[in-house]
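Engineer: Contents of upload23.csv (CSV, C-alpha atoms) are given next:
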chain,number,residue,atom,x,y,z
D,1,MET,CA,20.9,-7.6,6.0
D,2,MET,CA,18.4,-6.1,8.4
D,3,GLU,CA,21.1,-3.9,9.9
D,4,ILE,CA,22.0,-2.6,6.4
D,5,MET,CA,18.4,-1.7,5.6
D,6,GLN,CA,18.0,0.1,9.0
D,7,PHE,CA,21.2,2.0,8.6
D,8,ILE,CA,20.3,3.3,5.1
D,9,ILE,CA,16.7,4.1,6.0
D,10,THR,CA,17.6,6.0,9.2
D,11,SER,CA,20.2,8.0,7.3
D,12,LEU,CA,17.7,9.3,4.8
D,13,PRO,CA,16.0,12.0,6.9
D,14,SER,CA,19.4,13.8,7.3
D,15,LEU,CA,19.5,14.2,3.5
D,16,SER,CA,16.6,16.7,3.5
D,17,GLN,CA,18.1,19.1,6.0
D,18,GLY,CA,18.0,22.6,4.6
D,19,TYR,CA,15.9,21.4,1.7
D,20,GLU,CA,13.9,24.6,1.5
D,21,GLU,CA,17.0,26.7,1.0
D,22,SER,CA,18.4,24.4,-1.7
D,23,THR,CA,18.7,25.3,-5.3
D,24,GLN,CA,17.0,23.3,-8.0
D,25,ASP,CA,20.2,21.5,-8.9
D,26,SER,CA,20.8,20.5,-5.3
D,27,LYS,CA,17.2,19.4,-4.9
D,28,ALA,CA,17.6,17.2,-8.0
D,29,ALA,CA,20.8,15.7,-6.6
D,30,ASN,CA,19.2,15.2,-3.2
D,31,LEU,CA,16.3,13.3,-4.8
D,32,LYS,CA,18.7,11.2,-7.0
D,33,LEU,CA,20.7,10.2,-4.0
D,34,GLN,CA,17.6,9.2,-2.0
D,35,LEU,CA,16.3,7.2,-4.9
D,36,LEU,CA,19.7,5.4,-5.2
D,37,LEU,CA,19.8,4.6,-1.5
D,38,LEU,CA,16.1,3.4,-1.6
D,39,LYS,CA,16.8,1.2,-4.6
D,40,THR,CA,19.7,-0.4,-2.6
D,41,VAL,CA,17.3,-1.0,0.3
D,42,GLN,CA,14.9,-2.6,-2.2
D,43,LYS,CA,17.5,-5.0,-3.4
D,44,VAL,CA,18.5,-5.9,0.1
D,45,ALA,CA,14.8,-6.4,1.1
D,46,ALA,CA,14.3,-8.8,-1.9
D,47,THR,CA,17.3,-10.8,-0.9
D,48,TYR,CA,16.4,-10.8,2.8
D,49,GLN,CA,12.9,-12.0,2.0
D,50,THR,CA,14.2,-14.9,-0.1
D,51,VAL,CA,16.5,-16.0,2.7
D,52,HIS,CA,13.9,-15.6,5.6
D,53,ARG,CA,10.7,-16.4,3.7
D,54,ARG,CA,9.9,-19.3,6.0
D,55,GLU,CA,10.0,-17.3,9.2
D,56,THR,CA,6.6,-17.1,11.0
D,57,SER,CA,7.0,-13.7,12.7
D,58,THR,CA,7.6,-10.2,11.3
D,59,GLN,CA,8.8,-8.8,14.6
D,60,THR,CA,12.4,-9.1,13.2
D,61,THR,CA,11.3,-8.1,9.7
D,62,PHE,CA,9.7,-4.8,10.8
D,63,PRO,CA,11.6,-3.3,13.8
D,64,HIS,CA,10.6,0.3,14.7
D,65,GLN,CA,13.9,1.6,13.3
D,66,LEU,CA,13.0,0.4,9.9
D,67,PHE,CA,9.2,0.4,9.7
D,68,ASP,CA,8.5,3.9,11.1
D,69,PRO,CA,10.6,5.8,8.6
D,70,LEU,CA,9.3,3.6,5.7
D,71,LEU,CA,5.7,4.4,6.8
D,72,LYS,CA,6.4,8.1,6.8
D,73,MET,CA,7.9,8.0,3.3
D,74,MET,CA,4.7,6.5,2.0
D,75,SER,CA,3.4,10.0,1.9
D,76,ALA,CA,6.5,11.7,0.6
D,77,PRO,CA,5.8,14.5,-1.9
D,78,GLU,CA,7.9,12.9,-4.6
D,79,PRO,CA,6.0,10.1,-6.4
D,80,GLU,CA,9.3,8.3,-7.3
D,81,ILE,CA,10.1,7.9,-3.6
D,82,ARG,CA,6.6,6.7,-2.7
D,83,LEU,CA,6.7,4.1,-5.4
D,84,ILE,CA,10.0,2.5,-4.3
D,85,VAL,CA,8.8,2.6,-0.6
D,86,LEU,CA,5.6,0.8,-1.5
D,87,GLU,CA,7.6,-1.8,-3.4
D,88,ILE,CA,10.0,-2.3,-0.5
D,89,LEU,CA,7.1,-2.9,1.8
D,90,GLN,CA,5.7,-5.4,-0.7
D,91,SER,CA,9.0,-7.3,-0.7
D,92,LEU,CA,9.0,-7.5,3.1
D,93,VAL,CA,5.4,-8.4,3.5
D,94,ASP,CA,5.2,-10.9,0.6
D,95,ARG,CA,6.0,-14.2,2.4
D,96,ARG,CA,4.2,-16.5,-0.1
D,97,GLN,CA,5.2,-14.8,-3.4
D,98,TYR,CA,1.8,-13.5,-4.3
D,99,ALA,CA,3.0,-10.1,-5.4
D,100,GLU,CA,3.5,-11.1,-9.0
D,101,LYS,CA,-0.1,-12.2,-9.2
D,102,LEU,CA,-1.4,-8.9,-7.7
D,103,ARG,CA,0.7,-6.3,-9.6
D,104,LYS,CA,-2.2,-5.0,-11.7
D,105,ILE,CA,-5.6,-3.6,-10.7
D,106,LYS,CA,-8.1,-6.1,-12.2
D,107,LEU,CA,-11.8,-7.1,-11.6
D,108,PRO,CA,-12.0,-10.7,-12.9
D,109,LYS,CA,-15.2,-12.6,-12.4
D,110,ASP,CA,-13.2,-15.8,-11.9
D,111,ILE,CA,-10.3,-15.4,-9.5
D,112,SER,CA,-9.3,-19.1,-9.4
D,113,GLN,CA,-6.6,-18.6,-12.0
D,114,LEU,CA,-4.7,-16.4,-9.5
D,115,GLU,CA,-4.2,-19.5,-7.3
D,116,LEU,CA,-4.5,-17.5,-4.1
D,117,PRO,CA,-5.5,-19.0,-0.7
D,118,THR,CA,-9.2,-19.6,-0.1
D,119,GLU,CA,-9.0,-20.1,3.7
D,120,THR,CA,-7.0,-19.0,6.7
D,121,LYS,CA,-4.1,-21.3,7.5
D,122,PRO,CA,-3.4,-21.9,11.2
D,123,ASN,CA,0.3,-21.4,10.7
D,124,ARG,CA,0.1,-17.7,9.8
D,125,LEU,CA,3.0,-16.3,7.9
D,126,PHE,CA,2.3,-12.7,8.8
D,127,ASP,CA,2.3,-11.7,12.4
D,128,ILE,CA,-1.2,-10.6,13.5
D,129,ALA,CA,0.1,-9.0,16.7
D,130,PHE,CA,2.3,-6.8,14.6
D,131,MET,CA,-0.6,-5.6,12.4
D,132,LYS,CA,-2.6,-4.8,15.5
D,133,LYS,CA,0.3,-2.8,16.8
D,134,PHE,CA,1.1,-0.9,13.6
D,135,GLY,CA,-2.0,-1.3,11.6
D,136,ARG,CA,-3.5,2.1,12.5
D,137,GLN,CA,-0.2,3.9,11.6
D,138,PHE,CA,0.0,1.9,8.3
D,139,LEU,CA,-3.5,2.7,7.2
D,140,SER,CA,-3.1,6.4,8.2
D,141,GLN,CA,-0.1,6.8,6.0
D,142,LEU,CA,-1.7,4.7,3.2
D,143,TYR,CA,-4.7,7.2,3.4
D,144,GLN,CA,-2.3,10.1,2.8
D,145,SER,CA,-0.5,8.2,0.0
D,146,ILE,CA,-3.6,7.2,-2.0
D,147,LEU,CA,-4.9,10.8,-2.0
D,148,MET,CA,-1.7,12.4,-3.3
D,149,ASP,CA,-2.5,14.5,-6.3
D,150,ASN,CA,0.6,13.4,-8.2
D,151,ASN,CA,0.1,9.7,-8.0
D,152,THR,CA,0.9,7.7,-11.1
D,153,LYS,CA,-0.7,4.5,-12.5
D,154,ASP,CA,2.3,2.5,-11.1
D,155,ILE,CA,1.7,3.9,-7.6
D,156,PHE,CA,-2.0,2.9,-7.7
D,157,HIS,CA,-1.0,-0.6,-8.8
D,158,ALA,CA,1.6,-0.8,-6.0
D,159,ILE,CA,-1.0,0.4,-3.4
D,160,TYR,CA,-3.5,-2.2,-4.6
D,161,CYS,CA,-0.9,-4.9,-4.4
D,162,LEU,CA,0.2,-3.9,-0.9
D,163,MET,CA,-3.3,-3.8,0.4
D,164,ASN,CA,-4.0,-7.3,-0.8
D,165,LEU,CA,-0.7,-8.7,0.4
D,166,VAL,CA,-1.2,-7.3,3.9
D,167,THR,CA,-4.7,-8.8,4.1
D,168,LEU,CA,-3.7,-12.2,2.6
D,169,GLU,CA,-0.6,-12.6,4.7
D,170,ALA,CA,-2.5,-11.8,7.8
D,171,GLY,CA,-5.2,-14.3,7.1
D,172,ASP,CA,-7.2,-12.6,9.8
D,173,LYS,CA,-10.8,-11.3,9.7
D,174,ASP,CA,-10.1,-8.3,11.9
D,175,VAL,CA,-7.4,-7.1,9.4
D,176,LEU,CA,-9.8,-7.6,6.5
D,177,VAL,CA,-12.5,-5.6,8.3
D,178,ASP,CA,-9.9,-2.8,9.1
D,179,VAL,CA,-8.9,-2.5,5.4
D,180,ILE,CA,-12.5,-2.6,4.2
D,181,HIS,CA,-13.3,0.2,6.6
D,182,PHE,CA,-10.3,2.1,5.3
D,183,CYS,CA,-11.7,1.7,1.8
D,184,PHE,CA,-15.1,3.1,2.9
D,185,GLU,CA,-13.3,6.1,4.4
D,186,ILE,CA,-11.5,6.8,1.2
D,187,GLN,CA,-14.7,6.5,-0.8
D,188,SER,CA,-16.4,8.9,1.7
D,189,THR,CA,-13.5,11.4,1.2
D,190,LEU,CA,-13.8,11.2,-2.6
D,191,THR,CA,-17.6,11.8,-2.4
D,192,LYS,CA,-17.0,14.9,-0.3
D,193,MET,CA,-14.3,16.1,-2.7
D,194,SER,CA,-16.8,15.7,-5.6
D,195,ASP,CA,-19.6,17.5,-3.7
D,196,SER,CA,-19.5,21.2,-4.7
D,197,ASN,CA,-21.5,22.0,-1.6
D,198,SER,CA,-19.2,20.3,0.9
D,199,ASN,CA,-17.3,22.4,3.4
D,200,ILE,CA,-13.9,23.0,2.0
D,201,GLN,CA,-12.4,23.0,5.5
D,202,GLN,CA,-13.3,19.4,6.0
D,203,ILE,CA,-10.8,18.4,3.3
D,204,PRO,CA,-8.1,21.1,3.3
D,205,GLN,CA,-6.0,21.5,0.2
D,206,ARG,CA,-7.1,18.2,-1.4
D,207,LYS,CA,-7.8,18.2,-5.1
D,208,LEU,CA,-7.6,15.2,-7.5
D,209,SER,CA,-7.6,15.0,-11.2
D,210,ARG,CA,-10.6,13.1,-12.7
D,211,ILE,CA,-8.2,10.3,-13.8
D,212,ASN,CA,-6.9,9.8,-10.2
D,213,HIS,CA,-10.4,10.0,-8.8
D,214,HIS,CA,-11.5,7.2,-11.1
D,215,SER,CA,-8.3,5.2,-10.5
D,216,ILE,CA,-8.9,5.2,-6.7
D,217,HIS,CA,-12.5,4.0,-7.2
D,218,ALA,CA,-11.2,1.2,-9.5
D,219,LEU,CA,-8.5,0.2,-7.0
D,220,ILE,CA,-11.1,-0.1,-4.2
D,221,ALA,CA,-13.5,-2.0,-6.4
D,222,ALA,CA,-10.8,-4.4,-7.4
D,223,TYR,CA,-9.9,-5.0,-3.7
D,224,PHE,CA,-13.5,-5.6,-2.8
D,225,ASN,CA,-13.9,-8.0,-5.7
D,226,LEU,CA,-10.9,-10.1,-4.8
D,227,MET,CA,-11.5,-10.2,-1.0
D,228,SER,CA,-15.3,-10.8,-1.2
D,229,LYS,CA,-14.7,-13.8,-3.5
D,230,LEU,CA,-11.7,-15.2,-1.6
D,231,ASN,CA,-13.5,-15.0,1.7
D,232,GLY,CA,-16.9,-16.2,0.4
D,233,ILE,CA,-18.8,-13.1,1.3
D,234,THR,CA,-21.6,-13.8,-1.2
D,235,THR,CA,-23.8,-10.8,-0.7
D,236,PHE,CA,-20.8,-8.4,-0.9
D,237,SER,CA,-19.4,-10.3,-4.0
D,238,HIS,CA,-22.8,-10.0,-5.8
D,239,HIS,CA,-22.9,-6.3,-5.0
D,240,VAL,CA,-19.4,-5.8,-6.5
D,241,ASP,CA,-20.4,-7.8,-9.6
D,242,GLU,CA,-23.5,-5.6,-10.0
D,243,VAL,CA,-21.5,-2.4,-9.8
D,244,ARG,CA,-18.8,-3.8,-12.2
D,245,ASN,CA,-21.4,-4.9,-14.7
D,246,LYS,CA,-23.0,-1.4,-14.5
D,247,TYR,CA,-19.8,0.4,-15.4
D,248,ILE,CA,-17.9,-2.2,-17.5
D,249,LYS,CA,-19.8,-3.2,-20.6
Would you put the structure from the file into structure tokens?
Structural biologist:
Amino acid sequence: MMEIMQFIITSLPSLSQGYEESTQDSKAANLKLQLLLLKTVQKVAATYQTVHRRETSTQTTFPHQLFDPLLKMMSAPEPEIRLIVLEILQSLVDRRQYAEKLRKIKLPKDISQLELPTETKPNRLFDIAFMKKFGRQFLSQLYQSILMDNNTKDIFHAIYCLMNLVTLEAGDKDVLVDVIHFCFEIQSTLTKMSDSNSNIQQIPQRKLSRINHHSIHALIAAYFNLMSKLNGITTFSHHVDEVRNKYIK
């Protein structure tokens, strides 16, 4: 199964050769073919995860030949491609079947009904060494993806789900800190984008709709809410509750 996914993914870049000179019809056909192939990968990934869910290492789940192209496609210009890629990554990361509980961006006061882990288990199901090796690349591409101006509601939900899955499956404080820092960086970027006095060269060619701007803030708030409560970070959790109560009446 892994070989099938690698073969399809590594074949995708060749489909875009000469893309600039293509007609609208050929571009549409190109996109349709890429989506078809990615949906095939998505089905294989779901099957692979079902069979190999008990494995304790992701070194075989995410070889360079598969993971590098997937990461690059997280910031593809077509939202349809980004959504499928995010869902493929969810399938490969989700060892404990938490994705269904994290599909929607929510800010519940009581997270117990989600039945998520409240402590780190010694037998980690997600390879920490792998995250330390690829984490920077993953967060860099996620940064580009979350700030795309044509993101949809489904993409924001998928990003939220993937951020939580990566953190939960790692069960590691360093990974949690890295993702929290990533969220702060996104918030800082949004603030600069909103500041009419900011230097436009600092954030070249970035412009978001008001809806997407608010959606990103909601996504980050939901992540902070869940992780602060799961990890018992009381002060952080109280701050999130205060902000939520201020804006959600």
Engineer: Quick one: of D:Thr189, D:Gln97, D:Ser140, D:Ser194, who's nearest to Leu114 (chain D), counting only C-alpha atoms?
Structural biologist: D:Gln97
Engineer: Point out the residue among D:Met1, D:Leu31, D:Ile8, D:Val179 with the least atom-to-atom distance to Thr167 (chain D), counting all atoms listed in the file.
Structural biologist: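 Looking only at the distances to Thr167 (chain D), the closest residue turns out to be D:Val179.
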Engineer: Return the single residue from D:Val177, D:Leu86, D:Cys161, D:Ile233 that is closest to Glu100 (chain D), with distances computed using only C-alpha atoms.
Structural biologist: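 Looking only at the distances to Glu100 (chain D), the closest residue turns out to be D:Cys161.
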Engineer: Tell me, counting all atoms listed in the file, for each residue of region 64-84 of chain D within 12 Å of region 38-52 of chain D, which pair of atoms is nearest and how far apart they are in Å to one decimal, in rows ordered by chain and increasing number, as JSON lines.
Structural biologist:
{"residue": "D:Leu66", "atom": "CA", "partner": "D:Val41", "partner_atom": "CA", "distance": 10.6}
{"residue": "D:Pro69", "atom": "CA", "partner": "D:Leu38", "partner_atom": "CA", "distance": 11.8}
{"residue": "D:Leu70", "atom": "CA", "partner": "D:Leu38", "partner_atom": "CA", "distance": 10.0}
{"residue": "D:Met73", "atom": "CA", "partner": "D:Leu38", "partner_atom": "CA", "distance": 10.6}
{"residue": "D:Glu80", "atom": "CA", "partner": "D:Leu38", "partner_atom": "CA", "distance": 10.1}
{"residue": "D:Ile81", "atom": "CA", "partner": "D:Leu38", "partner_atom": "CA", "distance": 7.8}
{"residue": "D:Arg82", "atom": "CA", "partner": "D:Leu38", "partner_atom": "CA", "distance": 10.1}
{"residue": "D:Leu83", "atom": "CA", "partner": "D:Leu38", "partner_atom": "CA", "distance": 10.2}
{"residue": "D:Ile84", "atom": "CA", "partner": "D:Leu38", "partner_atom": "CA", "distance": 6.7}
Engineer: Mind pulling up the distance from CA of Asn150 (chain D) to CA of Asp25 (chain D)?
Structural biologist: 21.2 Å
Engineer: D:Asp154, D:Asp241, D:Asp149, D:Asp110: which is nearest Glu87 (chain D), counting all atoms listed in the file?
Structural biologist: D:Asp154
Engineer: What are the centre and edge lengths in Å, to one decimal, of the axis-aligned box around all listed atoms of region 220-226 of chain D with 8 Å added on each side, as lines of an AutoDock Vina configuration file?
Structural biologist:
center_x = -11.9
center_y = -5.1
center_z = -5.1
size_x = 20.0
size_y = 26.0
size_z = 20.6
Engineer: Skip Val93 (chain D) itself and residues of its chain fewer than 4 positions away, then list as a PyMOL selection string all residues within 8 Å of it, counting only C-alpha atoms.
Structural biologist: chain D and resi 89+126+165-166+169
Engineer: Taking into account only C-alpha atoms, which residue in the set D:Ser91, D:Thr23, D:Gln137, D:Asn164 is nearest to Tyr223 (chain D)?
Structural biologist: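 Closest to Tyr223 (chain D), using only C-alpha atoms: D:Asn164.
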Engineer: Pick out the residues sitting within 10 Å of Phe67 (chain D), and hand them over as a list in words; count all atoms listed in the file, and ignore anything fewer than 3 positions along from it in its own chain.
Structural biologist: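 With the cut-off at 10 Å, the set is Gln6, Ile9, Thr61, Phe62, Pro63, His64, Leu70, Leu71, Lys72, Leu89, Phe134 and Phe138 of chain D.
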Engineer: Using CA of Met74 (chain D) and CA of Arg244 (chain D) as the two end points, give the distance in Å to one decimal.
Structural biologist: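 Result for CA of Met74 (chain D) versus CA of Arg244 (chain D): 29.3 Å, one decimal.
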Engineer: So, counting all atoms listed in the file, which residue among D:Ser215, D:Arg95, D:Leu208, D:Leu176 is closest to Ile155 (chain D)?
Structural biologist: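 Residue with the minimum atom-to-atom distance to Ile155 (chain D): D:Ser215.
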Engineer: Tell me, in Å to one decimal, how far CA of Ala170 (chain D) is from CA of Gln141 (chain D).
Structural biologist: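 Those two atoms sit 18.8 Å apart.
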Engineer: So which residues are close to (-9.6, 5.6, -2.5), meaning at most 6 Å away in the file's coordinates with all atoms listed in the file counted, and can you show them as number ranges by chain?
Structural biologist: D: 186-187, 216-217
Engineer: Write out as a list in words each polymer residue whose atoms come within 6 Å of Ser145 (chain D), counting only C-alpha atoms; drop sequence neighbours fewer than 3 positions from it.
Structural biologist: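 The residues that qualify are Met74, Ser75, Leu142 and Met148 of chain D.
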Engineer: So that I can see what lies close to Leu190 (chain D), please list as a PDB file with C-alpha atoms, in the frame of the given file the residues with an atom at most 12 Å from it, counting only C-alpha atoms and leaving out residues fewer than 4 positions away in the same chain.
Structural biologist:
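The new file out_22.pdb reads:
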ATOM      1  CA  TYR D 143      -4.700   7.200   3.400  1.00  0.00           C
ATOM      2  CA  ILE D 146      -3.600   7.200  -2.000  1.00  0.00           C
ATOM      3  CA  LEU D 147      -4.900  10.800  -2.000  1.00  0.00           C
ATOM      4  CA  CYS D 183     -11.700   1.700   1.800  1.00  0.00           C
ATOM      5  CA  PHE D 184     -15.100   3.100   2.900  1.00  0.00           C
ATOM      6  CA  GLU D 185     -13.300   6.100   4.400  1.00  0.00           C
ATOM      7  CA  ILE D 186     -11.500   6.800   1.200  1.00  0.00           C
ATOM      8  CA  SER D 194     -16.800  15.700  -5.600  1.00  0.00           C
ATOM      9  CA  ASP D 195     -19.600  17.500  -3.700  1.00  0.00           C
ATOM     10  CA  SER D 196     -19.500  21.200  -4.700  1.00  0.00           C
ATOM     11  CA  SER D 198     -19.200  20.300   0.900  1.00  0.00           C
ATOM     12  CA  GLN D 202     -13.300  19.400   6.000  1.00  0.00           C
ATOM     13  CA  ILE D 203     -10.800  18.400   3.300  1.00  0.00           C
ATOM     14  CA  ARG D 206      -7.100  18.200  -1.400  1.00  0.00           C
ATOM     15  CA  LYS D 207      -7.800  18.200  -5.100  1.00  0.00           C
ATOM     16  CA  LEU D 208      -7.600  15.200  -7.500  1.00  0.00           C
ATOM     17  CA  SER D 209      -7.600  15.000 -11.200  1.00  0.00           C
ATOM     18  CA  ARG D 210     -10.600  13.100 -12.700  1.00  0.00           C
ATOM     19  CA  ASN D 212      -6.900   9.800 -10.200  1.00  0.00           C
ATOM     20  CA  HIS D 213     -10.400  10.000  -8.800  1.00  0.00           C
ATOM     21  CA  HIS D 214     -11.500   7.200 -11.100  1.00  0.00           C
ATOM     22  CA  SER D 215      -8.300   5.200 -10.500  1.00  0.00           C
ATOM     23  CA  ILE D 216      -8.900   5.200  -6.700  1.00  0.00           C
ATOM     24  CA  HIS D 217     -12.500   4.000  -7.200  1.00  0.00           C
ATOM     25  CA  ILE D 220     -11.100  -0.100  -4.200  1.00  0.00           C
TER      26      ILE D 220
END
Engineer: Since the input is missing atoms for region 162-189 of chain D, could you rebuild it with N, CA and C atoms and give the result as an mmCIF file, keeping the file's coordinate frame?
Structural biologist:
data_model
loop_
_atom_site.group_PDB
_atom_site.id
_atom_site.type_symbol
_atom_site.label_atom_id
_atom_site.label_comp_id
_atom_site.auth_asym_id
_atom_site.auth_seq_id
_atom_site.Cartn_x
_atom_site.Cartn_y
_atom_site.Cartn_z
ATOM 1 N N LEU D 162 -0.113 -3.933 -2.330
ATOM 2 C CA LEU D 162 0.200 -3.900 -0.900
ATOM 3 C C LEU D 162 -0.973 -4.183 -0.025
ATOM 4 N N MET D 163 -2.099 -3.564 -0.349
ATOM 5 C CA MET D 163 -3.300 -3.800 0.400
ATOM 6 C C MET D 163 -3.711 -5.259 0.422
ATOM 7 N N ASN D 164 -3.626 -5.883 -0.732
ATOM 8 C CA ASN D 164 -4.000 -7.300 -0.800
ATOM 9 C C ASN D 164 -2.965 -8.179 -0.102
ATOM 10 N N LEU D 165 -1.687 -7.861 -0.226
ATOM 11 C CA LEU D 165 -0.700 -8.700 0.400
ATOM 12 C C LEU D 165 -0.828 -8.625 1.957
ATOM 13 N N VAL D 166 -1.045 -7.430 2.496
ATOM 14 C CA VAL D 166 -1.200 -7.300 3.900
ATOM 15 C C VAL D 166 -2.407 -8.130 4.411
ATOM 16 N N THR D 167 -3.503 -8.075 3.666
ATOM 17 C CA THR D 167 -4.700 -8.800 4.100
ATOM 18 C C THR D 167 -4.500 -10.318 3.917
ATOM 19 N N LEU D 168 -3.912 -10.741 2.813
ATOM 20 C CA LEU D 168 -3.700 -12.200 2.600
ATOM 21 C C LEU D 168 -2.724 -12.781 3.553
ATOM 22 N N GLU D 169 -1.617 -12.095 3.786
ATOM 23 C CA GLU D 169 -0.600 -12.600 4.700
ATOM 24 C C GLU D 169 -1.079 -12.689 6.116
ATOM 25 N N ALA D 170 -1.943 -11.753 6.485
ATOM 26 C CA ALA D 170 -2.500 -11.800 7.800
ATOM 27 C C ALA D 170 -3.443 -12.957 8.006
ATOM 28 N N GLY D 171 -4.270 -13.195 6.990
ATOM 29 C CA GLY D 171 -5.200 -14.300 7.100
ATOM 30 C C GLY D 171 -6.152 -14.117 8.280
ATOM 31 N N ASP D 172 -6.484 -12.880 8.603
ATOM 32 C CA ASP D 172 -7.200 -12.600 9.800
ATOM 33 C C ASP D 172 -8.434 -11.704 9.470
ATOM 34 N N LYS D 173 -9.609 -12.053 9.978
ATOM 35 C CA LYS D 173 -10.800 -11.300 9.700
ATOM 36 C C LYS D 173 -10.780 -9.880 10.164
ATOM 37 N N ASP D 174 -10.147 -9.659 11.310
ATOM 38 C CA ASP D 174 -10.100 -8.300 11.900
ATOM 39 C C ASP D 174 -9.265 -7.389 10.928
ATOM 40 N N VAL D 175 -8.184 -7.921 10.376
ATOM 41 C CA VAL D 175 -7.400 -7.100 9.400
ATOM 42 C C VAL D 175 -8.192 -6.833 8.186
ATOM 43 N N LEU D 176 -8.926 -7.831 7.699
ATOM 44 C CA LEU D 176 -9.800 -7.600 6.500
ATOM 45 C C LEU D 176 -10.806 -6.534 6.782
ATOM 46 N N VAL D 177 -11.445 -6.581 7.935
ATOM 47 C CA VAL D 177 -12.500 -5.600 8.300
ATOM 48 C C VAL D 177 -11.819 -4.186 8.365
ATOM 49 N N ASP D 178 -10.629 -4.107 8.954
ATOM 50 C CA ASP D 178 -9.900 -2.800 9.100
ATOM 51 C C ASP D 178 -9.662 -2.215 7.693
ATOM 52 N N VAL D 179 -9.204 -3.038 6.760
ATOM 53 C CA VAL D 179 -8.900 -2.500 5.400
ATOM 54 C C VAL D 179 -10.154 -2.156 4.666
ATOM 55 N N ILE D 180 -11.218 -2.926 4.851
ATOM 56 C CA ILE D 180 -12.500 -2.600 4.200
ATOM 57 C C ILE D 180 -13.015 -1.252 4.746
ATOM 58 N N HIS D 181 -12.930 -1.052 6.053
ATOM 59 C CA HIS D 181 -13.300 0.200 6.600
ATOM 60 C C HIS D 181 -12.476 1.370 6.080
ATOM 61 N N PHE D 182 -11.194 1.093 5.908
ATOM 62 C CA PHE D 182 -10.300 2.100 5.300
ATOM 63 C C PHE D 182 -10.781 2.455 3.901
ATOM 64 N N CYS D 183 -11.183 1.464 3.129
ATOM 65 C CA CYS D 183 -11.700 1.700 1.800
ATOM 66 C C CYS D 183 -12.954 2.563 1.801
ATOM 67 N N PHE D 184 -13.846 2.269 2.738
ATOM 68 C CA PHE D 184 -15.100 3.100 2.900
ATOM 69 C C PHE D 184 -14.737 4.516 3.214
ATOM 70 N N GLU D 185 -13.734 4.701 4.054
ATOM 71 C CA GLU D 185 -13.300 6.100 4.400
ATOM 72 C C GLU D 185 -12.787 6.819 3.225
ATOM 73 N N ILE D 186 -12.006 6.133 2.408
ATOM 74 C CA ILE D 186 -11.500 6.800 1.200
ATOM 75 C C ILE D 186 -12.642 7.130 0.255
ATOM 76 N N GLN D 187 -13.593 6.223 0.092
ATOM 77 C CA GLN D 187 -14.700 6.500 -0.800
ATOM 78 C C GLN D 187 -15.536 7.702 -0.249
ATOM 79 N N SER D 188 -15.681 7.787 1.062
ATOM 80 C CA SER D 188 -16.400 8.900 1.700
ATOM 81 C C SER D 188 -15.657 10.226 1.372
ATOM 82 N N THR D 189 -14.339 10.191 1.477
ATOM 83 C CA THR D 189 -13.500 11.400 1.200
ATOM 84 C C THR D 189 -13.695 11.804 -0.265
#
